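Novice: Following this line is protein-v4.tsv, made up of TSV, C-alpha atoms:
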```tsv
chain	number	residue	atom	x	y	z
A	1	MET	CA	110.96	53.61	102.94
A	2	GLN	CA	114.35	55.16	103.65
A	3	SER	CA	116.25	53.99	100.60
A	4	GLU	CA	115.70	52.56	97.13
A	5	TYR	CA	118.37	49.98	97.97
A	6	LEU	CA	118.26	47.45	100.80
A	7	ALA	CA	120.56	45.90	103.34
A	8	GLU	CA	120.46	42.11	103.52
A	9	CYS	CA	118.39	42.21	106.70
A	10	ASP	CA	115.59	44.00	104.81
A	11	MET	CA	115.45	41.71	101.75
A	12	ARG	CA	112.22	40.05	102.83
A	13	ARG	CA	110.78	39.71	99.34
A	14	ALA	CA	113.89	37.83	98.19
A	15	PHE	CA	113.72	35.54	101.20
A	16	ILE	CA	110.05	34.66	100.80
A	17	SER	CA	110.03	34.28	97.00
A	18	GLY	CA	113.59	33.89	95.76
A	19	PHE	CA	113.22	36.91	93.47
A	20	THR	CA	116.18	39.30	93.88
A	21	GLY	CA	115.27	42.04	91.39
A	22	SER	CA	115.47	45.62	92.62
A	23	ALA	CA	111.78	46.32	91.91
A	24	GLY	CA	108.83	44.18	92.88
A	25	THR	CA	105.91	43.81	95.26
A	26	ALA	CA	104.72	40.52	96.70
A	27	ILE	CA	101.17	39.82	97.85
A	28	ILE	CA	100.44	36.58	99.69
A	29	THR	CA	96.91	35.38	100.38
A	30	GLU	CA	95.54	32.16	101.84
A	31	SER	CA	95.46	30.59	98.38
A	32	ALA	CA	97.92	32.50	96.19
A	33	ALA	CA	101.34	34.15	96.06
A	34	LEU	CA	101.75	36.91	93.49
A	35	MET	CA	104.69	39.06	92.40
A	36	TRP	CA	104.30	42.39	90.62
A	37	THR	CA	107.39	43.57	88.71
A	38	ASP	CA	108.16	45.50	85.53
A	39	GLY	CA	109.50	44.42	82.15
A	40	ARG	CA	113.14	44.55	83.24
A	41	TYR	CA	112.61	41.57	85.49
A	42	TYR	CA	110.02	39.28	83.84
A	43	LEU	CA	112.57	36.61	82.92
A	44	GLN	CA	114.57	36.96	86.11
A	45	ALA	CA	111.45	36.61	88.24
A	46	ILE	CA	110.34	33.49	86.37
A	47	GLU	CA	113.78	31.91	86.85
A	48	GLU	CA	114.22	32.84	90.50
A	49	MET	CA	110.78	32.53	92.07
A	50	GLY	CA	109.91	29.37	93.91
A	51	GLU	CA	107.08	27.02	93.04
A	52	GLY	CA	103.60	28.39	93.60
A	53	TRP	CA	104.35	32.01	92.70
A	54	THR	CA	102.44	33.85	89.97
A	55	LEU	CA	104.16	36.62	88.00
A	56	MET	CA	102.06	39.77	87.54
A	57	LYS	CA	103.61	41.66	84.63
A	58	GLU	CA	103.35	45.37	85.41
A	59	GLY	CA	102.90	47.59	82.39
A	60	LEU	CA	100.67	45.22	80.45
A	61	PRO	CA	97.00	46.19	79.92
A	62	VAL	CA	95.81	42.79	81.18
A	63	THR	CA	97.66	43.12	84.51
A	64	PRO	CA	95.60	44.73	87.28
A	65	SER	CA	97.18	47.04	89.80
A	66	GLN	CA	97.72	45.61	93.26
A	67	GLY	CA	94.75	47.54	94.64
A	68	LYS	CA	92.51	46.49	91.75
A	69	TYR	CA	93.45	42.84	92.21
A	70	LEU	CA	92.68	42.97	95.92
A	71	SER	CA	89.36	44.75	95.44
A	72	ASP	CA	88.28	42.33	92.69
A	73	ASN	CA	89.26	39.14	94.51
A	74	PHE	CA	88.23	39.79	98.10
A	75	PRO	CA	84.83	40.49	99.63
A	76	GLU	CA	83.79	43.67	101.35
A	77	GLY	CA	85.22	43.91	104.85
A	78	SER	CA	88.48	42.15	103.92
A	79	ARG	CA	91.61	43.44	105.65
A	80	VAL	CA	95.01	43.43	103.99
A	81	GLY	CA	97.92	43.49	106.43
A	82	VAL	CA	100.90	45.67	105.52
A	83	ASP	CA	104.09	46.50	107.39
A	84	PRO	CA	103.79	50.32	107.58
A	85	ASN	CA	107.55	50.69	107.94
A	86	VAL	CA	108.35	49.26	104.49
A	87	LEU	CA	105.61	50.89	102.41
A	88	SER	CA	105.80	54.59	101.69
A	89	TYR	CA	102.88	56.87	102.46
A	90	GLU	CA	102.50	57.60	98.75
A	91	GLU	CA	102.41	53.90	97.81
A	92	TRP	CA	99.89	53.21	100.58
A	93	LYS	CA	97.58	55.94	99.25
A	94	ILE	CA	97.79	54.61	95.67
A	95	ILE	CA	96.82	51.07	96.67
A	96	GLN	CA	94.06	52.25	99.01
A	97	ASN	CA	92.65	54.58	96.32
A	98	ASP	CA	92.58	51.70	93.83
A	99	MET	CA	90.39	49.80	96.32
A	100	LYS	CA	88.07	52.74	96.96
A	101	GLY	CA	84.43	51.68	97.30
A	102	SER	CA	85.26	47.96	97.52
A	103	GLY	CA	85.18	47.72	101.31
A	104	VAL	CA	88.69	46.21	101.24
A	105	ASN	CA	91.19	48.10	103.39
A	106	LEU	CA	94.88	48.13	104.18
A	107	ILE	CA	95.72	47.78	107.86
A	108	PRO	CA	99.12	48.34	109.50
A	109	ILE	CA	100.57	45.33	111.31
A	110	ALA	CA	102.91	45.68	114.27
A	111	THR	CA	105.27	42.82	113.33
A	112	ASN	CA	106.36	41.93	109.82
A	113	LEU	CA	105.08	38.38	109.27
A	114	VAL	CA	108.10	37.41	107.17
A	115	ASP	CA	110.36	38.16	110.12
A	116	LEU	CA	108.44	35.62	112.21
A	117	ILE	CA	109.56	32.76	109.95
A	118	TRP	CA	112.98	34.07	108.86
A	119	GLU	CA	115.08	32.10	111.31
A	120	ASP	CA	118.54	33.03	109.99
A	121	LYS	CA	117.69	36.65	109.23
A	122	PRO	CA	120.89	38.73	108.99
A	123	ALA	CA	121.47	41.24	111.77
A	124	SER	CA	121.07	44.93	111.05
A	125	PRO	CA	124.46	46.43	110.04
A	126	SER	CA	126.43	48.13	112.78
A	127	ASN	CA	129.20	49.74	110.73
A	128	THR	CA	130.64	52.97	112.07
A	129	VAL	CA	129.94	56.29	110.36
A	130	LEU	CA	132.69	58.46	108.90
A	131	PRO	CA	132.84	62.27	108.53
A	132	LEU	CA	133.39	63.73	105.06
A	133	ALA	CA	135.78	66.69	105.10
A	134	ILE	CA	134.69	70.07	103.79
A	135	LYS	CA	137.36	69.88	101.08
A	136	TYR	CA	135.10	67.25	99.48
A	137	THR	CA	131.69	68.72	100.33
A	138	GLY	CA	132.35	72.41	99.72
A	139	LYS	CA	129.88	73.41	102.41
A	140	SER	CA	129.70	72.76	106.15
A	141	CYS	CA	126.77	70.92	107.67
A	142	LYS	CA	126.03	74.06	109.70
A	143	HIS	CA	125.66	76.08	106.49
A	144	LYS	CA	123.40	73.40	105.00
A	145	VAL	CA	121.18	73.31	108.09
A	146	GLU	CA	120.88	77.11	108.03
A	147	GLU	CA	119.68	76.93	104.41
A	148	VAL	CA	117.20	74.20	105.33
A	149	ARG	CA	115.83	76.32	108.18
A	150	SER	CA	115.34	79.20	105.77
A	151	LYS	CA	113.29	76.94	103.48
A	152	MET	CA	111.30	75.70	106.47
A	153	ALA	CA	110.46	79.27	107.48
A	154	GLU	CA	109.19	79.99	103.97
A	155	LYS	CA	106.80	77.03	104.28
A	156	GLY	CA	105.76	77.85	107.82
A	157	SER	CA	107.24	74.59	109.07
A	158	THR	CA	108.55	74.29	112.62
A	159	LEU	CA	109.90	70.78	112.18
A	160	LEU	CA	111.42	68.83	109.28
A	161	LEU	CA	111.66	65.05	109.51
A	162	VAL	CA	114.28	63.63	107.15
A	163	THR	CA	113.89	59.93	106.38
A	164	ALA	CA	115.83	59.43	103.12
A	165	LEU	CA	119.26	58.05	103.94
A	166	ASP	CA	121.05	59.84	101.11
A	167	GLU	CA	119.61	63.17	102.24
A	168	ILE	CA	120.79	62.58	105.81
A	169	ALA	CA	124.31	61.69	104.68
A	170	TRP	CA	124.45	64.81	102.49
A	171	LEU	CA	123.05	67.16	105.13
A	172	LEU	CA	125.42	66.10	107.91
A	173	ASN	CA	128.48	65.48	105.69
A	174	LEU	CA	128.70	61.91	106.92
A	175	ARG	CA	129.14	58.62	105.08
A	176	GLY	CA	128.37	55.04	106.01
A	177	SER	CA	128.32	51.49	104.64
A	178	ASP	CA	125.12	49.92	105.95
A	179	ILE	CA	123.91	49.19	102.39
A	180	ASP	CA	126.25	47.68	99.78
A	181	TYR	CA	127.47	50.17	97.16
A	182	ASN	CA	125.69	53.04	98.91
A	183	PRO	CA	127.53	55.43	101.29
A	184	VAL	CA	124.63	55.68	103.73
A	185	PHE	CA	123.75	54.61	107.25
A	186	PHE	CA	120.46	53.80	108.99
A	187	SER	CA	119.22	56.92	110.73
A	188	TYR	CA	116.64	59.67	110.90
A	189	VAL	CA	117.17	63.40	111.29
A	190	LEU	CA	114.80	65.93	112.78
A	191	VAL	CA	115.49	69.62	112.21
A	192	THR	CA	113.83	72.51	114.07
A	193	GLN	CA	114.69	76.21	113.99
A	194	THR	CA	116.96	75.75	117.00
A	195	GLN	CA	118.02	72.10	117.16
A	196	VAL	CA	119.16	69.10	115.11
A	197	HIS	CA	118.34	65.58	116.30
A	198	LEU	CA	120.04	62.48	114.89
A	199	PHE	CA	118.46	59.08	115.54
A	200	ILE	CA	121.03	56.34	115.04
A	201	ASP	CA	122.56	53.27	116.65
A	202	GLU	CA	124.92	55.13	118.98
A	203	SER	CA	127.67	52.53	118.55
A	204	LYS	CA	128.11	53.87	115.00
A	205	VAL	CA	128.91	57.37	116.23
A	206	THR	CA	132.66	57.57	116.78
A	207	LEU	CA	134.67	60.31	118.42
A	208	ALA	CA	135.64	61.42	114.91
A	209	VAL	CA	131.96	62.07	114.12
A	210	ARG	CA	131.43	64.05	117.33
A	211	ASN	CA	134.58	66.07	116.59
A	212	HIS	CA	133.28	66.64	113.07
A	213	PHE	CA	130.11	68.26	114.41
A	214	ASN	CA	132.18	70.43	116.73
A	215	GLU	CA	134.56	71.48	113.95
A	216	GLU	CA	131.67	72.41	111.67
A	217	ASP	CA	130.00	74.24	114.58
A	218	LEU	CA	126.75	72.25	114.51
A	219	PRO	CA	125.39	70.98	117.84
A	220	VAL	CA	123.64	67.66	117.20
A	221	ASN	CA	121.54	65.78	119.75
A	222	ILE	CA	122.03	62.04	119.31
A	223	HIS	CA	119.22	59.60	120.19
A	224	PRO	CA	118.73	55.81	119.82
A	225	TYR	CA	117.47	54.90	116.35
A	226	ASN	CA	114.31	53.23	117.63
A	227	LYS	CA	113.16	56.31	119.57
A	228	ILE	CA	112.06	58.26	116.51
A	229	HIS	CA	108.35	57.36	116.77
A	230	SER	CA	107.95	58.40	120.40
A	231	PHE	CA	109.96	61.57	119.80
A	232	ILE	CA	107.77	62.59	116.85
A	233	THR	CA	104.67	62.16	119.00
A	234	GLU	CA	106.07	64.62	121.55
A	235	GLN	CA	107.21	67.25	119.04
A	236	GLN	CA	104.01	68.12	117.17
A	237	THR	CA	103.70	71.78	118.17
A	238	GLY	CA	103.47	73.27	114.66
A	239	LYS	CA	103.67	72.35	111.00
A	240	VAL	CA	105.61	69.13	110.39
A	241	TRP	CA	107.33	68.72	107.01
A	242	ILE	CA	107.82	65.12	105.90
A	243	SER	CA	108.09	63.67	102.43
A	244	SER	CA	105.27	61.37	101.30
A	245	ASP	CA	108.04	59.03	100.11
A	246	GLY	CA	108.74	58.37	103.79
A	247	SER	CA	107.13	55.41	105.48
A	248	TYR	CA	103.40	55.23	106.09
A	249	SER	CA	104.27	54.54	109.72
A	250	LEU	CA	105.90	57.94	110.30
A	251	ASN	CA	103.62	59.95	108.00
A	252	SER	CA	100.49	58.62	109.67
A	253	MET	CA	101.73	59.74	113.07
A	254	VAL	CA	101.42	63.37	111.99
A	255	PRO	CA	97.83	64.65	111.70
A	256	GLU	CA	97.02	65.73	108.15
A	257	LYS	CA	96.08	69.26	109.25
A	258	ILE	CA	99.64	69.97	110.44
A	259	ARG	CA	101.52	67.83	107.91
A	260	ILE	CA	103.37	69.26	104.91
A	261	SER	CA	103.67	66.31	102.50
A	262	GLU	CA	106.13	67.63	99.94
A	263	ILE	CA	109.57	66.82	98.65
A	264	THR	CA	112.07	67.97	101.24
A	265	PRO	CA	114.25	71.05	100.68
A	266	ILE	CA	117.30	68.80	101.09
A	267	ALA	CA	116.40	66.72	98.05
A	268	LEU	CA	116.33	69.87	95.93
A	269	MET	CA	119.41	71.44	97.52
A	270	LYS	CA	121.64	68.43	97.01
A	271	ALA	CA	120.61	68.17	93.36
A	272	ILE	CA	122.46	71.44	92.66
A	273	LYS	CA	126.19	70.79	92.96
A	274	ASN	CA	128.56	73.46	94.27
A	275	THR	CA	131.95	74.12	92.66
A	276	VAL	CA	133.79	71.70	94.97
A	277	GLU	CA	131.32	68.90	94.23
A	278	THR	CA	131.46	69.47	90.47
A	279	GLN	CA	135.26	69.51	90.53
A	280	GLY	CA	135.16	66.28	92.49
A	281	MET	CA	133.02	64.70	89.78
A	282	ILE	CA	135.42	65.96	87.09
A	283	ASN	CA	138.39	64.51	88.99
A	284	CYS	CA	136.60	61.15	89.27
A	285	HIS	CA	136.01	61.04	85.52
A	286	ILE	CA	139.65	61.92	84.82
A	287	ARG	CA	140.87	59.11	87.09
A	288	ASP	CA	138.42	56.68	85.54
A	289	GLY	CA	139.41	57.79	82.04
A	290	VAL	CA	143.06	57.08	82.82
A	291	ALA	CA	142.12	53.60	84.06
A	292	LEU	CA	140.08	52.96	80.92
A	293	CYS	CA	142.94	54.07	78.64
A	294	ARG	CA	145.34	51.77	80.48
A	295	TYR	CA	142.85	48.93	80.08
A	296	PHE	CA	142.48	49.49	76.33
A	297	ALA	CA	146.26	49.55	75.96
A	298	TRP	CA	146.54	46.29	77.90
A	299	LEU	CA	143.71	44.71	75.87
A	300	GLU	CA	145.33	45.64	72.57
A	301	LYS	CA	148.65	44.10	73.63
A	302	GLU	CA	146.94	40.91	74.87
A	303	LEU	CA	145.12	40.46	71.57
A	304	GLN	CA	148.31	41.10	69.59
A	305	LYS	CA	149.97	38.31	71.61
A	306	GLY	CA	147.10	36.01	70.73
A	307	ASN	CA	145.92	35.72	74.33
A	308	ALA	CA	142.24	35.06	74.87
A	309	VAL	CA	140.37	37.70	76.87
A	310	THR	CA	136.91	36.73	78.10
A	311	GLU	CA	134.24	39.06	79.37
A	312	ILE	CA	135.04	38.00	82.92
A	313	SER	CA	138.82	38.26	82.66
A	314	GLY	CA	138.48	41.59	80.88
A	315	ALA	CA	136.13	42.94	83.54
A	316	ASP	CA	138.47	41.76	86.30
A	317	LYS	CA	141.43	43.51	84.67
A	318	LEU	CA	139.46	46.74	84.23
A	319	GLU	CA	138.49	46.66	87.91
A	320	GLN	CA	142.17	46.16	88.77
A	321	PHE	CA	143.12	49.29	86.82
A	322	ARG	CA	140.32	51.26	88.45
A	323	LYS	CA	141.51	50.32	91.92
```
Is it possible to express this structure as structure tokens?
Specialist:
Amino acid sequence: MQSEYLAECDMRRAFISGFTGSAGTAIITESAALMWTDGRYYLQAIEEMGEGWTLMKEGLPVTPSQGKYLSDNFPEGSRVGVDPNVLSYEEWKIIQNDMKGSGVNLIPIATNLVDLIWEDKPASPSNTVLPLAIKYTGKSCKHKVEEVRSKMAEKGSTLLLVTALDEIAWLLNLRGSDIDYNPVFFSYVLVTQTQVHLFIDESKVTLAVRNHFNEEDLPVNIHPYNKIHSFITEQQTGKVWISSDGSYSLNSMVPEKIRISEITPIALMKAIKNTVETQGMINCHIRDGVALCRYFAWLEKELQKGNAVTEISGADKLEQFRK
């Protein structure tokens, strides 16, 4: 997985079941359709899911894990098809370990079966990417890459594969809009001690982005988004660092003996905000506080006039002040 949040074209679970909660796993067999989700979404899942679906309430002692259910309900030699691009390596291992000794195994499938029946599936977003100026980031992408390379050297890694979209956006000081309410864009980044490779739909890369790399003195090789798998196969000359939260598809391409399956240095680096970033957060809170004060003043006057303010009209007015 590349992001906790999804673009419409990736909302396969919602399409097949009707359930739109942010957390849930669907398993479909020849005779059953089951949905695992946590306590936040029990009621929502019951209301949204179509006929024939069974809710599996995660967190309750009586609810088996997905792997336990599969191992208990299918005979030895059964094969469970999974799209390796949408399940993380870590999640794959957990399910497979829960089925250990049962003779039931996960197998990667080349084509997502939901896509075969999703006739009006939305197209993948093709929004252009925008550079974020150093006055907002506080650190150039060249400086960030140099720090990453230092961390790689400490681990003995010759190649870092970055799959998390928020990490890519932070590292390259770029922002996108491929996923609603998230400033990210579909891509992969591969960092070596001498080069940076960006895998992205090239139509998203504007002249402004190319100028941004030049201004921040970071040469970046740009490749088609769908070339990442073949490129990884050709680049395995040393230790490859890739997070186990990345897809099973990419993780499994790197032999275990040369794979470093740890949280990436970028995830840790971006968690520590520099002075420019912290000031930016302070400024945001000040602006939002002003909007909230204006809203409270408006609300008080409306109530004094005897005007009715509903939750919806109040929320709309607050959004207006915030804009």
Novice: Leaving out A:Phe231 and any residue of its chain fewer than 5 positions from it, which residues lie within 10 Å of it when counting all atoms listed in the file, given as a compact mmCIF listing (two decimals) with C-alpha atoms, in the frame of the given file?
Specialist:
```
# COMPACT_ATOMS: atom_id res chain seq x y z
CA LEU A 190 114.80 65.93 112.78
CA HIS A 197 118.34 65.58 116.30
CA PHE A 199 118.46 59.08 115.54
CA HIS A 223 119.22 59.60 120.19
CA ASN A 226 114.31 53.23 117.63
CA GLN A 236 104.01 68.12 117.17
```
Novice: Determine the nearest neighbour of A:Ile266 from the options A:Asn283, A:Lys151, A:Lys305, A:Ala208, counting all atoms listed in the file.
Specialist: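 Among the listed residues, A:Lys151 lies closest to A:Ile266.
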Novice: Using all atoms listed in the file, can you tell me which of A:Ala308, A:Val148, A:Ala26, A:Val82 comes closest to A:Ala267?
Specialist: A:Val148
Novice: Out of A:Glu90, A:Glu234, A:Glu154, A:Asp10, which residue has the shortest atom-to-atom distance to A:Ala123 when counting only C-alpha atoms?
Specialist: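 Under the stated criterion, the closest residue is A:Asp10.
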Novice: Calculated over all atoms listed in the file, which of the candidates A:Leu159, A:Arg79, A:Tyr181, A:Gln279 has the smallest distance to A:Thr137?
Specialist: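 Residue with the minimum atom-to-atom distance to A:Thr137: A:Gln279.
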Novice: Would you mind telling me which residue in A:Asn173, A:Pro122, A:Leu207, A:Pro224 lies nearest to A:Phe186 when using all atoms listed in the file?
Specialist: A:Pro224
Novice: So that I can check the surroundings of stretch 272-278 of chain A, please list as a PyMOL selection string every protein, DNA and RNA residue that reaches within 12 Å of it, counting all atoms listed in the file and ignoring chain neighbours fewer than 2 positions away.
Specialist: chain A and resi 133-140+144+170+265-270+280-285
Novice: Which is closer to A:Leu132 than all the others in A:Leu171, A:Val62, A:Val220, A:Leu70, using only C-alpha atoms?
Specialist: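 Under the stated criterion, the closest residue is A:Leu171.
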Novice: Rounded to one decimal in Å, what is the spacing between atom CA of A:Asn105 and atom CA of A:Val80?
Specialist: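 Pair atom CA of A:Asn105 / atom CA of A:Val80 returns 6.1 Å.
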Novice: Take atom CA of A:Ile232 and atom CA of A:Ile109 and report the distance between them in Å, one decimal.
Specialist: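 Computing it gives 19.5 Å between the two atoms.
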Novice: Between atom CA of A:His229 and atom CA of A:Leu250, what is the distance in Å, rounded to a tenth?
Specialist: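 Going from atom CA of A:His229 over to atom CA of A:Leu250, I get 6.9 Å.
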Novice: With all atoms listed in the file as the counted atoms, please give the residues lying no more than 7 Å from A:Tyr41, apart from itself and same-chain residues fewer than 4 positions off, as a PyMOL selection string.
Specialist: chain A and resi 21+37+45
Novice: Can you pull out the residues contacting A:Glu216? Cut-off 8 Å, using all atoms listed in the file, and skip same-chain residues under 3 positions away; I want them as a ChimeraX atom specification.
Specialist: /A:140-142,212-213
Novice: Because some atoms of stretch 25-41 of chain A are absent here, can you restore N, CA and C atoms and send them as an mmCIF file, in the coordinates of the input?
Specialist:
```cif
data_model
loop_
_atom_site.group_PDB
_atom_site.id
_atom_site.type_symbol
_atom_site.label_atom_id
_atom_site.label_comp_id
_atom_site.auth_asym_id
_atom_site.auth_seq_id
_atom_site.Cartn_x
_atom_site.Cartn_y
_atom_site.Cartn_z
ATOM 1 N N THR A 25 106.784 43.838 94.086
ATOM 2 C CA THR A 25 105.910 43.810 95.260
ATOM 3 C C THR A 25 105.224 42.461 95.342
ATOM 4 N N ALA A 26 105.329 41.834 96.499
ATOM 5 C CA ALA A 26 104.720 40.520 96.700
ATOM 6 C C ALA A 26 103.432 40.653 97.507
ATOM 7 N N ILE A 27 102.418 39.921 97.098
ATOM 8 C CA ILE A 27 101.170 39.820 97.850
ATOM 9 C C ILE A 27 100.899 38.340 98.078
ATOM 10 N N ILE A 28 100.697 37.981 99.335
ATOM 11 C CA ILE A 28 100.440 36.580 99.690
ATOM 12 C C ILE A 28 99.072 36.492 100.350
ATOM 13 N N THR A 29 98.240 35.621 99.818
ATOM 14 C CA THR A 29 96.910 35.380 100.380
ATOM 15 C C THR A 29 96.848 33.948 100.883
ATOM 16 N N GLU A 30 95.691 33.533 101.347
ATOM 17 C CA GLU A 30 95.540 32.160 101.840
ATOM 18 C C GLU A 30 95.673 31.135 100.728
ATOM 19 N N SER A 31 95.454 31.560 99.481
ATOM 20 C CA SER A 31 95.460 30.590 98.380
ATOM 21 C C SER A 31 96.394 30.957 97.231
ATOM 22 N N ALA A 32 97.076 32.085 97.309
ATOM 23 C CA ALA A 32 97.920 32.500 96.190
ATOM 24 C C ALA A 32 99.118 33.314 96.669
ATOM 25 N N ALA A 33 100.155 33.311 95.831
ATOM 26 C CA ALA A 33 101.340 34.150 96.060
ATOM 27 C C ALA A 33 101.654 34.832 94.737
ATOM 28 N N LEU A 34 101.617 36.157 94.726
ATOM 29 C CA LEU A 34 101.750 36.910 93.490
ATOM 30 C C LEU A 34 102.885 37.926 93.580
ATOM 31 N N MET A 35 103.571 38.127 92.440
ATOM 32 C CA MET A 35 104.690 39.060 92.400
ATOM 33 C C MET A 35 104.502 40.042 91.257
ATOM 34 N N TRP A 36 104.373 41.330 91.615
ATOM 35 C CA TRP A 36 104.300 42.390 90.620
ATOM 36 C C TRP A 36 105.708 42.913 90.350
ATOM 37 N N THR A 37 106.121 42.945 89.083
ATOM 38 C CA THR A 37 107.390 43.570 88.710
ATOM 39 C C THR A 37 107.298 44.040 87.276
ATOM 40 N N ASP A 38 108.238 44.910 86.875
ATOM 41 C CA ASP A 38 108.160 45.500 85.530
ATOM 42 C C ASP A 38 108.963 44.690 84.518
ATOM 43 N N GLY A 39 108.929 45.169 83.261
ATOM 44 C CA GLY A 39 109.500 44.420 82.150
ATOM 45 C C GLY A 39 110.973 44.106 82.253
ATOM 46 N N ARG A 40 111.709 44.839 83.066
ATOM 47 C CA ARG A 40 113.140 44.550 83.240
ATOM 48 C C ARG A 40 113.370 43.183 83.886
ATOM 49 N N TYR A 41 112.372 42.731 84.626
ATOM 50 C CA TYR A 41 112.610 41.570 85.490
ATOM 51 C C TYR A 41 111.686 40.372 85.216
#
```
